Each structure stands twice: as structure tokens, then as C-alpha cells.
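Engineer: Next comes the structure file structure-v4.cif, holding mmCIF, C-alpha atoms.
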```
data_final
loop_
_atom_site.label_atom_id
_atom_site.label_comp_id
_atom_site.auth_asym_id
_atom_site.auth_seq_id
_atom_site.Cartn_x
_atom_site.Cartn_y
_atom_site.Cartn_z
CA LYS B 17 -14.43 7.45 5.82
CA ALA B 18 -10.71 7.19 6.58
CA ALA B 19 -11.35 7.01 10.34
CA ILE B 20 -13.84 4.16 9.86
CA ASP B 21 -11.88 2.28 7.20
CA ALA B 22 -8.55 2.45 9.04
CA ASN B 23 -10.10 1.08 12.22
CA TYR B 24 -11.93 -1.79 10.52
CA VAL B 25 -9.54 -2.87 7.76
CA LEU B 26 -5.85 -3.50 8.46
CA SER B 27 -3.90 -1.96 5.58
CA GLU B 28 -2.16 -4.28 3.14
CA ASP B 29 1.36 -3.13 4.08
CA VAL B 30 0.82 -4.25 7.69
CA VAL B 31 -0.74 -7.54 6.59
CA LEU B 32 2.24 -8.17 4.32
CA ALA B 33 4.73 -7.32 7.09
CA THR B 34 2.99 -9.80 9.40
CA LYS B 35 3.00 -12.54 6.76
CA ASN B 36 6.70 -11.93 6.05
CA ALA B 37 7.47 -12.13 9.77
CA LEU B 38 5.64 -15.45 9.95
CA GLU B 39 8.02 -16.77 7.29
CA THR B 40 11.19 -15.63 9.05
CA GLU B 41 10.40 -15.79 12.80
CA PRO B 42 12.48 -18.63 14.33
CA SER B 43 10.74 -18.69 17.73
CA PRO B 44 7.92 -21.28 17.99
CA THR B 45 6.09 -18.98 20.42
CA GLY B 46 6.53 -16.05 18.06
CA ARG B 47 5.10 -18.09 15.20
CA GLU B 48 2.08 -18.89 17.37
CA VAL B 49 1.44 -15.21 18.08
CA LEU B 50 1.49 -13.93 14.49
CA PRO B 51 -1.40 -15.95 12.94
CA PRO B 52 -3.96 -14.58 15.45
CA ILE B 53 -2.97 -11.06 14.36
CA LEU B 54 -3.90 -12.00 10.79
CA LYS B 55 -7.06 -13.79 11.97
CA ASN B 56 -8.06 -10.75 14.00
CA ALA B 57 -7.66 -8.58 10.89
CA GLU B 58 -9.78 -11.00 8.86
CA VAL B 59 -12.58 -11.10 11.45
CA ALA B 60 -12.54 -7.30 11.82
CA ARG B 61 -12.74 -6.81 8.06
CA GLU B 62 -15.45 -9.39 7.38
CA SER B 63 -17.58 -8.77 10.47
CA THR B 64 -17.10 -4.97 10.60
CA PHE B 65 -15.52 -4.89 14.03
CA PRO B 66 -12.72 -2.50 15.00
CA LEU B 67 -9.28 -4.13 14.91
CA CYS B 68 -8.68 -3.06 18.51
CA GLN B 69 -10.82 -1.69 21.34
CA ASP B 70 -8.49 1.34 21.40
CA THR B 71 -9.64 3.08 18.23
CA GLY B 72 -7.09 5.81 18.69
CA LEU B 73 -6.43 9.48 18.95
CA ALA B 74 -6.93 10.95 15.47
CA VAL B 75 -3.68 12.41 14.14
CA LEU B 76 -3.80 14.27 10.81
CA PHE B 77 -0.80 15.36 8.77
CA VAL B 78 -2.05 17.72 6.07
CA GLU B 79 -0.37 19.11 2.95
CA HIS B 80 -2.49 22.10 1.97
CA GLY B 81 -1.97 23.28 -1.62
CA GLU B 82 -1.67 27.06 -1.55
CA ASN B 83 -4.12 27.36 -4.48
CA ILE B 84 -6.94 25.72 -2.49
CA ARG B 85 -9.58 27.49 -0.44
CA VAL B 86 -11.76 25.38 1.84
CA GLU B 87 -15.19 26.90 2.38
CA GLY B 88 -15.90 27.22 6.09
CA GLY B 89 -12.26 26.63 6.96
CA LEU B 90 -9.97 23.61 6.79
CA GLN B 91 -9.63 23.02 10.53
CA PRO B 92 -13.40 22.83 11.20
CA ALA B 93 -13.73 20.46 8.23
CA LEU B 94 -11.03 18.15 9.59
CA CYS B 95 -12.57 18.16 13.08
CA GLY B 96 -15.98 17.52 11.55
CA GLY B 97 -14.67 14.53 9.61
CA VAL B 98 -13.18 12.99 12.75
CA ARG B 99 -16.36 13.68 14.74
CA LYS B 100 -18.58 12.10 12.09
CA GLY B 101 -16.27 9.14 11.46
CA TYR B 102 -16.03 8.16 15.11
CA ALA B 103 -19.80 8.55 15.56
CA ASP B 104 -20.91 6.77 12.37
CA GLY B 105 -18.36 3.98 12.86
CA TRP B 106 -19.30 3.42 16.52
CA LEU B 107 -15.63 3.89 17.37
CA ARG B 108 -14.55 4.36 20.97
CA LYS B 109 -14.09 7.98 21.98
CA ALA B 110 -10.60 8.24 23.45
CA VAL B 111 -10.12 11.99 23.97
CA CYS B 112 -10.50 13.59 27.40
CA GLU B 113 -9.61 16.80 29.21
CA ALA B 114 -6.04 16.62 30.49
CA PHE B 115 -6.80 17.47 34.15
CA THR B 116 -10.43 16.50 34.81
CA ARG B 117 -10.18 13.40 32.53
CA GLN B 118 -13.72 14.20 31.35
CA ASN B 119 -14.32 12.66 27.93
CA THR B 120 -15.02 15.11 25.08
CA ARG B 121 -17.48 12.45 23.75
CA ASP B 122 -16.68 12.84 20.04
CA ASN B 123 -12.93 12.07 19.80
CA THR B 124 -12.13 15.70 19.08
CA PRO B 125 -10.03 17.72 19.03
CA PRO B 126 -7.77 15.71 16.74
CA ILE B 127 -4.04 16.40 16.50
CA ILE B 128 -3.64 18.42 13.29
CA ASP B 129 -0.40 19.45 11.60
CA ILE B 130 -0.73 21.54 8.42
CA ASP B 131 2.03 22.32 5.92
CA VAL B 132 1.26 24.80 3.14
CA VAL B 133 2.78 23.55 -0.12
CA PRO B 134 2.63 24.63 -3.80
CA GLY B 135 -0.20 23.29 -5.95
CA ASP B 136 -3.90 22.54 -5.89
CA ARG B 137 -4.05 19.30 -3.89
CA LEU B 138 -5.08 18.54 -0.34
CA VAL B 139 -3.28 15.47 1.04
CA ILE B 140 -4.36 14.17 4.45
CA ASP B 141 -2.52 11.36 6.22
CA PHE B 142 -4.72 9.91 8.96
CA LEU B 143 -3.35 7.93 11.91
CA ALA B 144 -5.46 6.32 14.63
CA LYS B 145 -2.81 6.46 17.36
CA GLY B 146 -3.30 4.05 20.24
CA GLY B 147 -2.47 5.00 23.82
CA GLY B 148 -0.33 1.98 24.70
CA SER B 149 2.32 2.67 22.07
CA GLU B 150 2.12 6.44 22.59
CA ASN B 151 2.77 6.05 26.31
CA VAL B 152 6.19 4.46 25.75
CA SER B 153 7.36 6.90 23.07
CA ARG B 154 10.26 9.11 24.12
CA ALA B 155 12.16 12.27 23.16
CA ALA B 156 15.45 13.79 24.30
CA VAL B 157 18.16 16.23 23.33
CA LEU B 158 21.42 14.35 23.03
CA PRO B 159 24.88 15.97 22.92
CA PRO B 160 26.07 16.31 19.31
CA ALA B 161 28.98 14.01 20.12
CA ALA B 162 26.50 11.13 20.53
CA GLY B 163 26.39 10.90 16.73
CA GLU B 164 24.73 8.10 14.81
CA GLU B 165 25.67 5.47 17.38
CA GLY B 166 23.97 7.50 20.10
CA ILE B 167 20.85 7.87 17.96
CA VAL B 168 20.65 4.12 17.34
CA GLU B 169 21.34 3.37 21.01
CA TYR B 170 18.56 5.72 22.15
CA ALA B 171 16.09 4.10 19.75
CA VAL B 172 17.06 0.60 20.85
CA GLU B 173 16.80 1.50 24.54
CA THR B 174 13.37 3.07 24.01
CA VAL B 175 12.15 -0.15 22.41
CA ARG B 176 13.87 -2.32 25.02
CA THR B 177 12.12 -0.59 27.92
CA GLY B 178 8.76 0.02 26.27
CA ALA B 179 7.98 -2.42 23.47
CA VAL B 180 6.21 -5.01 25.64
CA ASN B 181 3.55 -2.39 26.50
CA ALA B 182 3.27 -1.24 22.87
CA CYS B 183 1.83 -4.51 21.47
CA PRO B 184 4.80 -5.75 19.41
CA PRO B 185 5.73 -6.23 16.65
CA VAL B 186 6.01 -2.45 16.57
CA ILE B 187 6.81 0.11 13.92
CA VAL B 188 9.42 2.64 15.09
CA GLY B 189 9.31 6.26 13.97
CA LEU B 190 12.63 8.02 14.47
CA GLY B 191 12.90 11.82 14.20
CA ILE B 192 16.31 13.50 14.26
CA GLY B 193 17.15 17.21 14.42
CA GLY B 194 15.17 20.43 14.49
CA ASP B 195 14.10 21.13 18.06
CA LEU B 196 12.40 18.76 20.48
CA ALA B 197 8.93 19.52 19.09
CA LEU B 198 9.97 19.12 15.45
CA ALA B 199 11.83 15.87 16.16
CA ALA B 200 8.65 14.42 17.66
CA LYS B 201 6.57 15.64 14.73
CA ILE B 202 8.77 14.16 12.03
CA ALA B 203 9.15 10.91 13.99
CA LYS B 204 5.38 10.45 14.05
CA LYS B 205 5.00 11.54 10.43
CA THR B 206 7.34 8.74 9.29
CA LEU B 207 4.62 6.32 10.42
CA THR B 208 2.53 7.44 7.44
CA ARG B 209 5.02 5.76 5.10
CA ARG B 210 4.34 2.28 3.80
CA VAL B 211 5.64 -0.15 6.42
CA GLY B 212 9.23 -1.12 5.66
CA GLU B 213 9.68 1.44 2.89
CA PRO B 214 13.25 2.72 3.35
CA SER B 215 14.16 6.39 3.44
CA ASN B 216 15.12 8.03 0.15
CA ASP B 217 18.26 9.26 1.89
CA PRO B 218 20.89 6.48 1.71
CA ARG B 219 22.44 7.49 5.02
CA LEU B 220 19.06 7.34 6.79
CA ALA B 221 18.20 4.06 5.07
CA THR B 222 21.43 2.57 6.45
CA LEU B 223 20.65 3.94 9.92
CA GLU B 224 17.14 2.44 9.73
CA ALA B 225 18.57 -0.97 8.88
CA ARG B 226 21.13 -0.79 11.71
CA ALA B 227 18.52 0.19 14.26
CA LEU B 228 16.07 -2.49 13.09
CA ALA B 229 18.72 -5.22 13.33
CA ARG B 230 19.67 -4.12 16.85
CA ILE B 231 16.03 -3.93 17.93
CA ASN B 232 15.22 -7.38 16.58
CA ASN B 233 18.24 -8.78 18.42
CA LEU B 234 16.66 -7.79 21.74
CA GLY B 235 14.67 -11.02 21.78
CA ILE B 236 11.41 -9.36 22.85
CA GLY B 237 9.49 -10.81 19.91
CA PRO B 238 5.78 -10.83 19.03
CA ALA B 239 3.57 -9.93 22.03
CA GLY B 240 6.76 -9.74 24.11
CA LEU B 241 6.91 -13.54 24.35
CA GLY B 242 10.31 -13.94 22.70
CA GLY B 243 11.60 -14.03 19.15
CA ASP B 244 13.29 -12.00 16.45
CA THR B 245 10.30 -9.93 15.29
CA THR B 246 10.19 -7.15 17.86
CA ALA B 247 9.73 -4.53 15.13
CA PHE B 248 8.40 -4.68 11.60
CA ALA B 249 10.33 -1.57 10.55
CA VAL B 250 12.23 1.54 11.57
CA HIS B 251 11.32 4.71 9.67
CA ALA B 252 13.69 7.67 10.12
CA ALA B 253 13.63 11.33 9.09
CA ALA B 254 16.15 14.10 9.76
CA VAL B 255 16.26 17.91 9.54
CA PRO B 256 18.97 20.45 10.44
CA CYS B 257 19.36 21.45 14.08
CA HIS B 258 21.26 23.85 16.37
CA ILE B 259 25.04 23.34 16.51
CA ALA B 260 24.86 22.66 20.27
CA SER B 261 22.05 20.09 20.14
CA LEU B 262 21.00 16.73 18.72
CA PRO B 263 17.25 16.37 19.33
CA ILE B 264 15.80 12.89 18.84
CA ALA B 265 12.33 11.42 19.19
CA VAL B 266 11.28 7.78 19.06
CA VAL B 267 7.58 7.15 18.45
CA LEU B 268 6.36 3.56 18.71
CA GLU B 269 3.32 2.19 16.90
CA CYS B 270 1.62 -1.11 17.67
CA HIS B 271 1.01 -3.95 15.20
CA ALA B 272 -2.56 -2.67 14.71
CA HIS B 273 -1.11 0.18 12.66
CA ARG B 274 -4.12 2.08 11.35
CA HIS B 275 -3.34 4.66 8.71
CA ARG B 276 -4.95 6.00 5.53
CA ARG B 277 -4.11 8.67 2.95
CA ILE B 278 -6.71 10.98 1.42
CA VAL B 279 -5.86 12.93 -1.74
CA LEU B 280 -8.30 15.60 -2.96
#
```
Here is the file; what I need is its structure written in the form of C-alpha cells.

Structural biologist:
Amino acid sequence: KAAIDANYVLSEDVVLATKNALETEPSPTGREVLPPILKNAEVARESTFPLCQDTGLAVLFVEHGENIRVEGGLQPALCGGVRKGYADGWLRKAVCEAFTRQNTRDNTPPIIDIDVVPGDRLVIDFLAKGGGSENVSRAAVLPPAAGEEGIVEYAVETVRTGAVNACPPVIVGLGIGGDLALAAKIAKKTLTRRVGEPSNDPRLATLEARALARINNLGIGPAGLGGDTTAFAVHAAAVPCHIASLPIAVVLECHAHRHRRIVL
């Protein structure tokens, strides 16, 4: 249900971000680009069409309550839900073998990340991650001396070089710390937050605002045709890392940001 609903109905946080951008965008061209995004969402919702022909790689972030047992296994259930959703919703199958490029024909396997947590709830955050924005996402290990300015600069440069191919306005996920793999994971997981919702950490919230201001000063604008709305939001998360390293990942998401949360 989440796979189908996310691909057919643009979530309210993205609609609101687009409407807000329409109010503030100074570029005449930018203001011309934003209404079709809203119209596209309206047509998709009312006519049951996917928002975009790229219906995404299914990415699932799961919080598994340690008091829950899933009969038959959690991973097969998650794969089965993706398989059924993409079949029943007539959604494009976007998963292929890495070398042969042969399509798996059912959009599986999905990308699954499971955290075991206290309690008796199963929380699943579903993302339909498009290829265009994924292709321009980047990760690196910076020297610790790069500091916050280096982090912001890396995020801005990633957007500067890649945003046009990521269908802007984009949402920017920024992961800091851990190792390279963990930085990429937490960067992508920030995309499950409500668009524009600041971090609970005041330092990260300030960093998000700095990065967003710098990004929107690039002039790339909606659809890359110029303007101040290159990004709707920057979402950042940080974890501790090795004393010799400063891993960072920047994951871009297009304006057709398809996400849903399931709580069982």
C-alpha cells in the first residue's frame, strides 16, 4: 500500500514546500516551473497515474521492536510487500543485475536497513528513490580540520555540480560522522523526515540553515532554469566518528519526493 500510495499521491509536506516556494521565488521562470509540479501532483492523484515514470528503488528503514516476532520472517515480508505493491500498482520495475543489467522484473530486492529497538512496534519508512537524484549523490572522508565550513562547502558543491540532473527543487540529506557507509545511511534516512523539519539538535539545525541558504544562492532554481529555490530543505544528522576522519555523505532527492511511514 505504501509503495502504491507514495507513487500516486505526493505527500502534503512536499505540496506545502512547493506552494511556499511559489510565494517566495523571485525568478519569473522559477515561478512558471512550480505550478506544473503542483498540477502534475493533482493529475496523478485524481487520475491514478504515477507522479513520475521513475517509480523508484524501494528503500526501507525499519525500527523493529524487540518484543515482536514476524511469522515467516521480517525480510521476506518486506520483499513481498514491495513485490506486490509494484505489481498491483503497475509501477515501473527499476531494479536490475549490476553487471548484466538484466531486470529482476519485480523491483526486488529492496534496500532494507533494520534497527532493533525496545518495544512492541514495527515502524517502516518507505522511500521510492529515483535514479536521477541518486546518481548525483556523493560521499567522502574529509580531514577533521575541514570542520563545519568544510561540511557545508562539500554539500554546496555536490548540489552545484549535480542538482540540474536531480530535478530541482531538491531535498538534501546530509550525513556526518561514523564511517563512510554509516554517513551515507544516515544521510538517506534524514529524507524520511517531514520536509523542512529542522533537526532537534540546535547545532545541526543551524548548519542546515547555513547550507540551505548557500545552496539557494547558487541560482540554479526550479528545473535548473534559474531562481532562488534550488532546494526545499537540508536535513542533517551526525554521529561520532574516528579521531582521524570526518566522513560525510550528501544524498539528493528530487521534487517528486515519495515517502510514507507505516506503524504497526

Engineer: Would you kindly return, as a VMD selection string, each protein, DNA or RNA residue with an atom no farther than 10 Å from any atom of Ile231 of chain B, considering all atoms listed in the file and excluding same-chain residues fewer than 5 positions away?

Structural biologist: chain B and resid 168 to 169 171 to 176 179 188 225 to 226 236 to 237 244 to 250

Engineer: Write out as a list in words the residues lying within 7 Å of Leu190 of chain B, counting all atoms listed in the file and excluding same-chain residues fewer than 3 positions away.

Structural biologist: Ala203, His251, Ala252, Ala253, Ala265, Val266 and Val267 of chain B

Engineer: Which polymer residues have any atom within 7 Å of an atom of segment 159-164 of chain B, counting only C-alpha atoms, with same-chain residues fewer than 3 positions away left out, as a PyMOL selection string?

Structural biologist: chain B and resi 167-168+260-262

Engineer: Translate the PyMOL selection byres ((chain B and resi 144) around 6) into a concrete residue list for this structure, as a PDB file with C-alpha atoms, in the frame of the given file.

Structural biologist:
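Contents of the output file part.pdb:
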```pdb
ATOM      1  CA  GLY B  72      -7.090   5.810  18.690  1.00  0.00           C
ATOM      2  CA  LEU B  73      -6.430   9.480  18.950  1.00  0.00           C
ATOM      3  CA  ALA B  74      -6.930  10.950  15.470  1.00  0.00           C
ATOM      4  CA  LEU B 143      -3.350   7.930  11.910  1.00  0.00           C
ATOM      5  CA  LYS B 145      -2.810   6.460  17.360  1.00  0.00           C
ATOM      6  CA  ARG B 274      -4.120   2.080  11.350  1.00  0.00           C
TER       7      ARG B 274
END
```

Engineer: Quick one: residues within 10 Å of segment 34-40 of chain B, only C-alpha atoms, excluding same-chain residues fewer than 2 positions away - as a ChimeraX atom specification?

Structural biologist: /B:28-32,42-43,46-51,53-54,185,238,244-248,271

Engineer: Choose the residue, out of B:Ala156, B:Ala19, B:Cys183, B:Ala239, that has the smallest atom-to-atom separation from Lys109 of chain B; count only C-alpha atoms.

Structural biologist: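 Selected residue with least distance to Lys109 of chain B: B:Ala19.
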
Engineer: Please enumerate the residues selected by the PyMOL selection byres ((chain B and resi 204) around 12) when evaluated against the supplied file, formatted as a PyMOL selection string.

Structural biologist: chain B and resi 75-77+127+129+141-145+149-150+153-155+187-192+197-203+205-209+250-253+264-269+275

Engineer: What is the atom CA of Gly135 of chain B to atom CA of Pro92 of chain B distance in Å?

Structural biologist: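 We find that atom CA of Gly135 of chain B and atom CA of Pro92 of chain B lie 21.6 Å from each other.
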
Engineer: Using all atoms listed in the file, can you tell me which of B:Lys17, B:Val132, B:Ala33, B:Arg61 comes closest to Gly212 of chain B?

Structural biologist: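 The closest residue to Gly212 of chain B is B:Ala33.
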
Engineer: Enter the distance from atom CA of Val279 of chain B to atom CA of Pro126 of chain B, in Å, rounded to one decimal.

Structural biologist: 18.8 Å

Engineer: Taking into account only C-alpha atoms, which residue in the set B:Glu82, B:Asp217, B:Asp70, B:Asp195 is nearest to Ala110 of chain B?

Structural biologist: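 Of B:Glu82, B:Asp217, B:Asp70, B:Asp195, the one nearest Ala110 of chain B, counting only C-alpha atoms, is B:Asp70.
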
Engineer: Report, in Å with one decimal, the straight-line distance from atom CA of Asp122 of chain B to atom CA of Glu79 of chain B.

Structural biologist: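 Distance between the two atoms: 24.4 Å.
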
Engineer: Asn23 of chain B: which residues within 9 Å, counting all atoms listed in the file, same-chain residues fewer than 5 positions away excluded, as a list in words?

Structural biologist: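 Near Asn23 of chain B, the qualifying residues are Ala18, Ala60, Phe65, Pro66, Leu67, Cys68, Thr71, Gly72, Gly105, Leu107, Ala144, Ala272, Arg274 and His275 of chain B.
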
Engineer: Could you tell me which of B:Arg137, B:Pro184, B:Lys55, B:Val78 comes closest to Gly235 of chain B if we count all atoms listed in the file?

Structural biologist: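 Of the candidates, the smallest distance to Gly235 of chain B is held by B:Pro184.
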
Engineer: Restricting the calculation to all atoms listed in the file, which member of B:Asn119, B:Cys270, B:Pro218, B:Asn232 is positioned closest to Asn151 of chain B?

Structural biologist: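 So, comparing all the options, the nearest one is B:Cys270.
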
Engineer: Which residues, protein or nucleic acid, reach to within 7 Å of (-12.3, 11.1, 13.5) in the file's coordinates when using only C-alpha atoms, and can you give that as a CSV table (one decimal) with C-alpha atoms, keeping the file's coordinate frame?

Structural biologist:
```csv
chain,number,residue,atom,x,y,z
B,19,ALA,CA,-11.4,7.0,10.3
B,74,ALA,CA,-6.9,11.0,15.5
B,97,GLY,CA,-14.7,14.5,9.6
B,98,VAL,CA,-13.2,13.0,12.8
B,99,ARG,CA,-16.4,13.7,14.7
B,100,LYS,CA,-18.6,12.1,12.1
B,101,GLY,CA,-16.3,9.1,11.5
B,102,TYR,CA,-16.0,8.2,15.1
B,123,ASN,CA,-12.9,12.1,19.8
```

Engineer: Using only C-alpha atoms, can you tell me which of B:Glu224, B:Gln91, B:Tyr24, B:Arg85 comes closest to Val59 of chain B?

Structural biologist: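 Closest to Val59 of chain B, using only C-alpha atoms: B:Tyr24.
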